[in-house]
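Trainee: Coordinates in input12.pdb, PDB, C-alpha atoms, pLDDT in the B column, are listed below.
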```pdb
ATOM      1  CA  LEU A 295      66.375  86.671  41.318  1.00 92.00           C
ATOM      2  CA  THR A 296      63.199  87.403  39.442  1.00 91.00           C
ATOM      3  CA  ALA A 297      61.597  90.772  38.677  1.00 93.00           C
ATOM      4  CA  ASP A 298      58.754  92.376  36.732  1.00 91.00           C
ATOM      5  CA  VAL A 299      59.083  95.548  34.681  1.00 92.00           C
ATOM      6  CA  ALA A 300      56.419  98.102  35.661  1.00 91.00           C
ATOM      7  CA  GLY A 301      54.448  99.179  32.573  1.00 87.00           C
ATOM      8  CA  ALA A 302      57.044  97.673  30.234  1.00 87.00           C
ATOM      9  CA  TYR A 303      55.735  99.234  27.026  1.00 85.00           C
ATOM     10  CA  LEU A 304      55.560 102.671  28.646  1.00 85.00           C
ATOM     11  CA  ASN A 305      59.338 102.606  29.140  1.00 84.00           C
ATOM     12  CA  ALA A 306      60.032 102.511  25.406  1.00 86.00           C
ATOM     13  CA  PRO A 307      59.948 105.297  22.840  1.00 85.00           C
ATOM     14  CA  CYS A 308      57.121 104.862  20.331  1.00 86.00           C
ATOM     15  CA  ALA A 309      58.285 103.257  17.066  1.00 84.00           C
ATOM     16  CA  GLU A 310      55.613 104.953  14.968  1.00 85.00           C
ATOM     17  CA  LYS A 311      54.305 108.495  14.662  1.00 88.00           C
ATOM     18  CA  VAL A 312      51.013 108.609  16.538  1.00 86.00           C
ATOM     19  CA  TYR A 313      48.892 111.482  17.792  1.00 88.00           C
ATOM     20  CA  THR A 314      45.537 111.873  19.480  1.00 89.00           C
ATOM     21  CA  ILE A 315      42.991 114.622  19.966  1.00 92.00           C
ATOM     22  CA  LEU A 316      42.714 115.483  23.660  1.00 92.00           C
ATOM     23  CA  GLY A 317      39.323 115.092  25.329  1.00 93.00           C
ATOM     24  CA  GLU A 318      37.389 117.320  27.716  1.00 93.00           C
ATOM     25  CA  GLU A 319      39.276 115.910  30.723  1.00 93.00           C
ATOM     26  CA  PHE A 320      42.307 117.951  29.562  1.00 92.00           C
ATOM     27  CA  GLY A 321      40.537 121.271  30.291  1.00 92.00           C
ATOM     28  CA  ASP A 322      41.993 124.145  28.293  1.00 93.00           C
ATOM     29  CA  TYR A 323      43.905 121.687  26.119  1.00 92.00           C
ATOM     30  CA  ALA A 324      40.732 119.853  24.993  1.00 92.00           C
ATOM     31  CA  GLY A 325      40.663 119.542  21.204  1.00 92.00           C
ATOM     32  CA  SER A 326      44.438 119.975  20.912  1.00 93.00           C
ATOM     33  CA  LYS A 327      46.639 117.381  19.259  1.00 93.00           C
ATOM     34  CA  ALA A 328      49.032 115.416  21.486  1.00 90.00           C
ATOM     35  CA  ILE A 329      51.947 113.419  20.096  1.00 90.00           C
ATOM     36  CA  ILE A 330      52.370 109.979  21.662  1.00 86.00           C
ATOM     37  CA  ILE A 331      56.064 109.594  22.537  1.00 86.00           C
ATOM     38  CA  LEU A 332      55.991 106.359  24.567  1.00 82.00           C
ATOM     39  CA  ALA A 333      54.729 103.001  23.334  1.00 79.00           C
ATOM     40  CA  LEU A 334      51.168 102.630  24.608  1.00 79.00           C
ATOM     41  CA  TYR A 335      49.524  99.277  25.236  1.00 82.00           C
ATOM     42  CA  GLY A 336      47.257  98.574  22.279  1.00 81.00           C
ATOM     43  CA  LEU A 337      49.470 100.096  19.587  1.00 83.00           C
ATOM     44  CA  LYS A 338      50.441  97.521  16.974  1.00 85.00           C
ATOM     45  CA  SER A 339      54.090  98.470  17.369  1.00 86.00           C
ATOM     46  CA  ALA A 340      54.140  98.558  21.211  1.00 87.00           C
ATOM     47  CA  GLY A 341      55.680  95.093  21.609  1.00 88.00           C
ATOM     48  CA  TYR A 342      58.276  95.864  18.959  1.00 89.00           C
ATOM     49  CA  SER A 343      59.076  99.225  20.603  1.00 90.00           C
ATOM     50  CA  TRP A 344      59.591  97.641  24.021  1.00 90.00           C
ATOM     51  CA  ARG A 345      61.653  94.723  22.721  1.00 91.00           C
ATOM     52  CA  THR A 346      63.877  97.043  20.657  1.00 92.00           C
ATOM     53  CA  PHE A 347      64.397  99.435  23.576  1.00 92.00           C
ATOM     54  CA  CYS A 348      65.098  96.601  26.040  1.00 94.00           C
ATOM     55  CA  ALA A 349      67.553  94.963  23.615  1.00 94.00           C
ATOM     56  CA  ARG A 350      69.403  98.261  23.110  1.00 94.00           C
ATOM     57  CA  VAL A 351      69.780  98.743  26.882  1.00 95.00           C
ATOM     58  CA  LEU A 352      70.951  95.156  27.394  1.00 96.00           C
ATOM     59  CA  ARG A 353      73.475  95.347  24.530  1.00 96.00           C
ATOM     60  CA  GLU A 354      74.809  98.884  24.821  1.00 96.00           C
ATOM     61  CA  GLU A 355      74.470  99.725  28.512  1.00 95.00           C
ATOM     62  CA  LEU A 356      74.710  96.362  30.306  1.00 96.00           C
ATOM     63  CA  LEU A 357      76.888  94.567  27.705  1.00 96.00           C
ATOM     64  CA  PHE A 358      74.741  91.428  27.410  1.00 97.00           C
ATOM     65  CA  ILE A 359      74.474  89.528  24.133  1.00 96.00           C
ATOM     66  CA  PRO A 360      71.431  87.538  22.986  1.00 95.00           C
ATOM     67  CA  CYS A 361      71.497  83.794  22.492  1.00 93.00           C
ATOM     68  CA  ARG A 362      71.240  82.858  18.808  1.00 92.00           C
ATOM     69  CA  ALA A 363      68.745  80.092  19.505  1.00 92.00           C
ATOM     70  CA  ASP A 364      66.437  82.087  21.809  1.00 92.00           C
ATOM     71  CA  MET A 365      66.320  85.880  21.678  1.00 90.00           C
ATOM     72  CA  ASP A 366      64.744  85.937  25.171  1.00 92.00           C
ATOM     73  CA  VAL A 367      67.992  84.576  26.665  1.00 95.00           C
ATOM     74  CA  TRP A 368      70.884  87.008  27.236  1.00 96.00           C
ATOM     75  CA  ARG A 369      74.398  86.394  28.591  1.00 96.00           C
ATOM     76  CA  ARG A 370      77.627  88.165  29.457  1.00 96.00           C
ATOM     77  CA  THR A 371      80.925  87.052  30.926  1.00 96.00           C
ATOM     78  CA  ALA A 372      81.702  87.807  34.563  1.00 95.00           C
ATOM     79  CA  ARG A 373      84.224  86.869  37.233  1.00 93.00           C
ATOM     80  CA  LYS A 374      83.589  85.439  40.666  1.00 90.00           C
ATOM     81  CA  ALA A 375      85.421  86.867  43.684  1.00 87.00           C
ATOM     82  CA  ASN A 376      88.002  84.054  43.370  1.00 91.00           C
ATOM     83  CA  GLY A 377      88.732  85.001  39.721  1.00 92.00           C
ATOM     84  CA  THR A 378      86.787  82.156  38.103  1.00 93.00           C
ATOM     85  CA  ARG A 379      85.130  83.220  34.852  1.00 95.00           C
ATOM     86  CA  TYR A 380      81.436  82.395  34.340  1.00 94.00           C
ATOM     87  CA  TYR A 381      78.367  83.608  32.449  1.00 96.00           C
ATOM     88  CA  GLU A 382      75.588  85.732  33.909  1.00 96.00           C
ATOM     89  CA  TYR A 383      72.197  85.131  32.302  1.00 96.00           C
ATOM     90  CA  LEU A 384      68.978  87.069  31.860  1.00 95.00           C
ATOM     91  CA  PHE A 385      65.753  85.422  30.706  1.00 94.00           C
ATOM     92  CA  ILE A 386      63.331  88.119  29.578  1.00 93.00           C
ATOM     93  CA  TYR A 387      59.822  87.394  28.368  1.00 91.00           C
ATOM     94  CA  THR A 388      57.995  90.690  27.774  1.00 88.00           C
ATOM     95  CA  ASP A 389      58.082  92.126  31.317  1.00 89.00           C
ATOM     96  CA  ASP A 390      59.139  89.017  33.273  1.00 93.00           C
ATOM     97  CA  ILE A 391      62.832  88.709  34.125  1.00 94.00           C
ATOM     98  CA  ILE A 392      64.970  86.024  35.716  1.00 94.00           C
ATOM     99  CA  CYS A 393      68.551  86.966  36.499  1.00 95.00           C
ATOM    100  CA  ILE A 394      71.141  84.245  37.106  1.00 93.00           C
ATOM    101  CA  SER A 395      74.376  85.564  38.535  1.00 93.00           C
ATOM    102  CA  GLN A 396      76.541  85.549  41.622  1.00 91.00           C
ATOM    103  CA  TYR A 397      75.383  89.183  42.002  1.00 92.00           C
ATOM    104  CA  PRO A 398      71.848  89.314  40.545  1.00 93.00           C
ATOM    105  CA  ARG A 399      70.741  92.291  42.631  1.00 94.00           C
ATOM    106  CA  LYS A 400      73.457  94.478  41.054  1.00 94.00           C
ATOM    107  CA  ILE A 401      72.263  93.568  37.545  1.00 95.00           C
ATOM    108  CA  LEU A 402      68.648  94.329  38.451  1.00 95.00           C
ATOM    109  CA  THR A 403      69.726  97.633  40.036  1.00 94.00           C
ATOM    110  CA  ASP A 404      71.512  98.539  36.792  1.00 95.00           C
ATOM    111  CA  MET A 405      68.417  97.563  34.775  1.00 94.00           C
ATOM    112  CA  ASN A 406      66.254  99.689  37.078  1.00 93.00           C
ATOM    113  CA  LYS A 407      68.211 102.770  35.953  1.00 93.00           C
ATOM    114  CA  HIS A 408      66.749 102.285  32.461  1.00 92.00           C
ATOM    115  CA  PHE A 409      63.285 100.908  33.157  1.00 89.00           C
ATOM    116  CA  LEU A 410      61.329 100.723  36.391  1.00 89.00           C
ATOM    117  CA  LEU A 411      61.246  97.337  38.100  1.00 92.00           C
ATOM    118  CA  LYS A 412      58.458  96.590  40.575  1.00 93.00           C
ATOM    119  CA  VAL A 413      60.280  96.516  43.936  1.00 92.00           C
ATOM    120  CA  GLU A 414      57.906  93.919  45.417  1.00 93.00           C
ATOM    121  CA  SER A 415      58.578  91.590  42.455  1.00 92.00           C
ATOM    122  CA  ILE A 416      62.310  91.258  43.152  1.00 93.00           C
ATOM    123  CA  HIS A 417      62.812  87.962  44.997  1.00 92.00           C
ATOM    124  CA  GLU A 418      64.031  84.408  44.540  1.00 92.00           C
ATOM    125  CA  PRO A 419      62.002  82.851  41.748  1.00 90.00           C
ATOM    126  CA  CYS A 420      59.203  80.432  42.548  1.00 88.00           C
ATOM    127  CA  ARG A 421      57.390  80.603  39.189  1.00 86.00           C
ATOM    128  CA  TYR A 422      58.305  81.627  35.647  1.00 85.00           C
ATOM    129  CA  LEU A 423      55.984  81.480  32.647  1.00 84.00           C
ATOM    130  CA  GLY A 424      53.711  79.024  34.441  1.00 82.00           C
ATOM    131  CA  ALA A 425      56.482  76.663  35.544  1.00 86.00           C
ATOM    132  CA  SER A 426      57.371  76.065  39.196  1.00 88.00           C
ATOM    133  CA  ILE A 427      60.925  76.851  40.254  1.00 89.00           C
ATOM    134  CA  THR A 428      62.363  75.236  43.366  1.00 88.00           C
ATOM    135  CA  LYS A 429      65.715  75.215  45.146  1.00 87.00           C
ATOM    136  CA  HIS A 430      67.262  71.978  46.446  1.00 86.00           C
ATOM    137  CA  LEU A 431      70.311  70.978  48.432  1.00 84.00           C
ATOM    138  CA  LEU A 432      71.525  67.648  47.070  1.00 84.00           C
ATOM    139  CA  ASP A 433      73.190  65.062  49.295  1.00 83.00           C
ATOM    140  CA  GLY A 434      76.875  65.784  49.758  1.00 82.00           C
ATOM    141  CA  ASP A 435      76.716  69.164  48.011  1.00 82.00           C
ATOM    142  CA  SER A 436      77.045  72.498  49.787  1.00 83.00           C
ATOM    143  CA  HIS A 437      75.623  74.489  46.849  1.00 82.00           C
ATOM    144  CA  TYR A 438      71.954  74.764  46.022  1.00 84.00           C
ATOM    145  CA  THR A 439      70.593  73.377  42.768  1.00 85.00           C
ATOM    146  CA  TRP A 440      67.616  74.946  41.024  1.00 86.00           C
ATOM    147  CA  ALA A 441      64.899  72.894  39.364  1.00 87.00           C
ATOM    148  CA  ILE A 442      62.021  73.794  37.074  1.00 87.00           C
ATOM    149  CA  GLY A 443      58.856  71.707  36.930  1.00 87.00           C
ATOM    150  CA  SER A 444      55.537  71.633  35.148  1.00 85.00           C
ATOM    151  CA  LYS A 445      53.304  69.841  37.694  1.00 85.00           C
ATOM    152  CA  GLU A 446      51.248  72.916  38.716  1.00 85.00           C
ATOM    153  CA  TYR A 447      51.004  74.041  35.079  1.00 85.00           C
ATOM    154  CA  LEU A 448      49.688  70.625  34.032  1.00 86.00           C
ATOM    155  CA  ILE A 449      47.189  70.472  36.894  1.00 87.00           C
ATOM    156  CA  GLU A 450      45.789  73.880  35.908  1.00 88.00           C
ATOM    157  CA  SER A 451      45.755  72.937  32.200  1.00 88.00           C
ATOM    158  CA  LEU A 452      43.801  69.756  32.938  1.00 88.00           C
ATOM    159  CA  ARG A 453      41.341  71.694  35.105  1.00 91.00           C
ATOM    160  CA  ILE A 454      40.675  74.092  32.222  1.00 93.00           C
ATOM    161  CA  VAL A 455      40.315  71.284  29.642  1.00 92.00           C
ATOM    162  CA  LYS A 456      37.867  69.423  31.912  1.00 90.00           C
ATOM    163  CA  GLN A 457      35.876  72.631  32.357  1.00 92.00           C
ATOM    164  CA  LYS A 458      35.697  73.115  28.566  1.00 93.00           C
ATOM    165  CA  ILE A 459      34.702  69.539  27.673  1.00 92.00           C
ATOM    166  CA  GLU A 460      32.192  69.015  30.512  1.00 91.00           C
ATOM    167  CA  PRO A 461      29.316  70.846  28.693  1.00 91.00           C
ATOM    168  CA  LEU A 462      29.960  68.554  25.713  1.00 92.00           C
ATOM    169  CA  ASN A 463      29.453  65.443  27.905  1.00 90.00           C
ATOM    170  CA  LEU A 464      33.049  64.375  27.290  1.00 89.00           C
ATOM    171  CA  LYS A 465      35.558  63.112  29.834  1.00 85.00           C
ATOM    172  CA  LEU A 466      39.287  62.663  29.929  1.00 83.00           C
ATOM    173  CA  LYS A 467      40.525  59.104  30.239  1.00 81.00           C
ATOM    174  CA  SER A 468      41.847  58.394  33.729  1.00 80.00           C
ATOM    175  CA  LYS A 469      44.565  55.926  32.718  1.00 81.00           C
ATOM    176  CA  VAL A 470      46.611  56.351  29.565  1.00 79.00           C
ATOM    177  CA  THR A 471      50.101  55.175  28.711  1.00 78.00           C
ATOM    178  CA  SER A 472      50.755  57.860  26.101  1.00 77.00           C
ATOM    179  CA  ALA A 473      49.206  61.042  24.778  1.00 74.00           C
ATOM    180  CA  LEU A 474      49.529  59.606  21.275  1.00 78.00           C
ATOM    181  CA  PRO A 475      47.917  56.447  19.857  1.00 78.00           C
ATOM    182  CA  SER A 476      49.927  53.225  19.963  1.00 79.00           C
ATOM    183  CA  GLY A 477      52.119  52.873  16.886  1.00 80.00           C
ATOM    184  CA  TYR A 478      51.804  56.531  15.903  1.00 82.00           C
ATOM    185  CA  LYS A 479      54.868  57.781  13.997  1.00 81.00           C
ATOM    186  CA  PRO A 480      54.875  61.602  13.938  1.00 78.00           C
ATOM    187  CA  GLU A 481      57.785  61.679  11.472  1.00 82.00           C
ATOM    188  CA  LEU A 482      55.471  60.024   8.915  1.00 81.00           C
ATOM    189  CA  ASP A 483      52.496  62.309   9.571  1.00 76.00           C
ATOM    190  CA  ALA A 484      51.956  64.529   6.509  1.00 73.00           C
ATOM    191  CA  SER A 485      48.769  66.205   7.754  1.00 69.00           C
TER     192      SER A 485
END
```
What would you get if you wrote out this structure as structure tokens?
Mentor:
Amino acid sequence: LTADVAGAYLNAPCAEKVYTILGEEFGDYAGSKAIIILALYGLKSAGYSWRTFCARVLREELLFIPCRADMDVWRRTARKANGTRYYEYLFIYTDDIICISQYPRKILTDMNKHFLLKVESIHEPCRYLGASITKHLLDGDSHYTWAIGSKEYLIESLRIVKQKIEPLNLKLKSKVTSALPSGYKPELDAS
């Protein structure tokens, strides 16, 4: 399942000491100092605050461990109903979550105890970070297989590039065999 965290930064304690002077809209409190206790969008440390808070919850409360190669990938061991051991995975990019498990709803429910998930965002994934996600039933297999593709992302990217180069009277080539020139050796490129 996939989910979005509602106001991700606002779930985390502020990593720095910040205060503000209250405005007229605060009535009798106008002119008073208010200490900011949650990470607000726009603070330089807001991303750090959220990531640190989220990591603490995943490690200490939900017992996930981060992947060494990608700190946005988390895993923990689990057991299926038949006793088979497997890994449950979480992919978390800022406030976007994909949960891979035999019981993903339980994991998301546990996460929701620590930070609010948007209820309407909890569903089978169809898109993640611009990539399309689809579910397929392969011939002779009774279990679904998930696939991730970049076709829609590439179509949108090309549309944007065409829009940017059009005022410059430039056009993309319609038929190319490679994005790089023939004979190009990137391992020798010292630029």
Trainee: Using only C-alpha atoms, find the one residue out of A:Gly424, A:Pro480, A:Gly377, A:Pro360 that sits nearest to Ile449 in chain A.
Mentor: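 Checking each of A:Gly424, A:Pro480, A:Gly377, A:Pro360 against Ile449 in chain A, counting only C-alpha atoms, the winner is A:Gly424.
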Trainee: Would you write out, as a VMD selection string, every residue that the PyMOL selection byres ((chain A and resi 442) around 10) captures in this file?
Mentor: chain A and resid 420 to 422 425 to 429 440 to 441 443 to 445
Trainee: How many Å separate CA of Phe347 in chain A from CA of Leu402 in chain A?
Mentor: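 So the answer is 16.3 Å.
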Trainee: Can you give me, as a list in words, the residues this file yields under the PyMOL selection byres ((chain A and resi 406) around 12)?
Mentor: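 The output of the PyMOL selection byres ((chain A and resi 406) around 12) on this file is Ala297, Asp298, Val299, Ala300, Ala302, Asn305, Cys348, Val351, Leu352, Glu355, Leu356, Ile391, Arg399, Lys400, Ile401, Leu402, Thr403, Asp404, Met405, Lys407, His408, Phe409, Leu410, Leu411, Lys412, Val413 and Ile416 of chain A.
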Trainee: Point out the residue among A:Ala372, A:Phe358, A:Val367, A:Cys308 with the least atom-to-atom distance to Gly341 in chain A, counting all atoms listed in the file.
Mentor: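 So, comparing all the options, the nearest one is A:Cys308.
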Trainee: Restricting the calculation to all atoms listed in the file, which member of A:Ser436, A:Thr346, A:Asn376, A:Ser415 is positioned closest to Ile392 in chain A?
Mentor: A:Ser415
Trainee: For the structure shown, which residues end up in the PyMOL selection byres ((chain A and resi 385) around 12)? Put them as a PyMOL selection string, please?
Mentor: chain A and resi 295-298+352+358-361+364-369+382-384+386-395+419+422-423
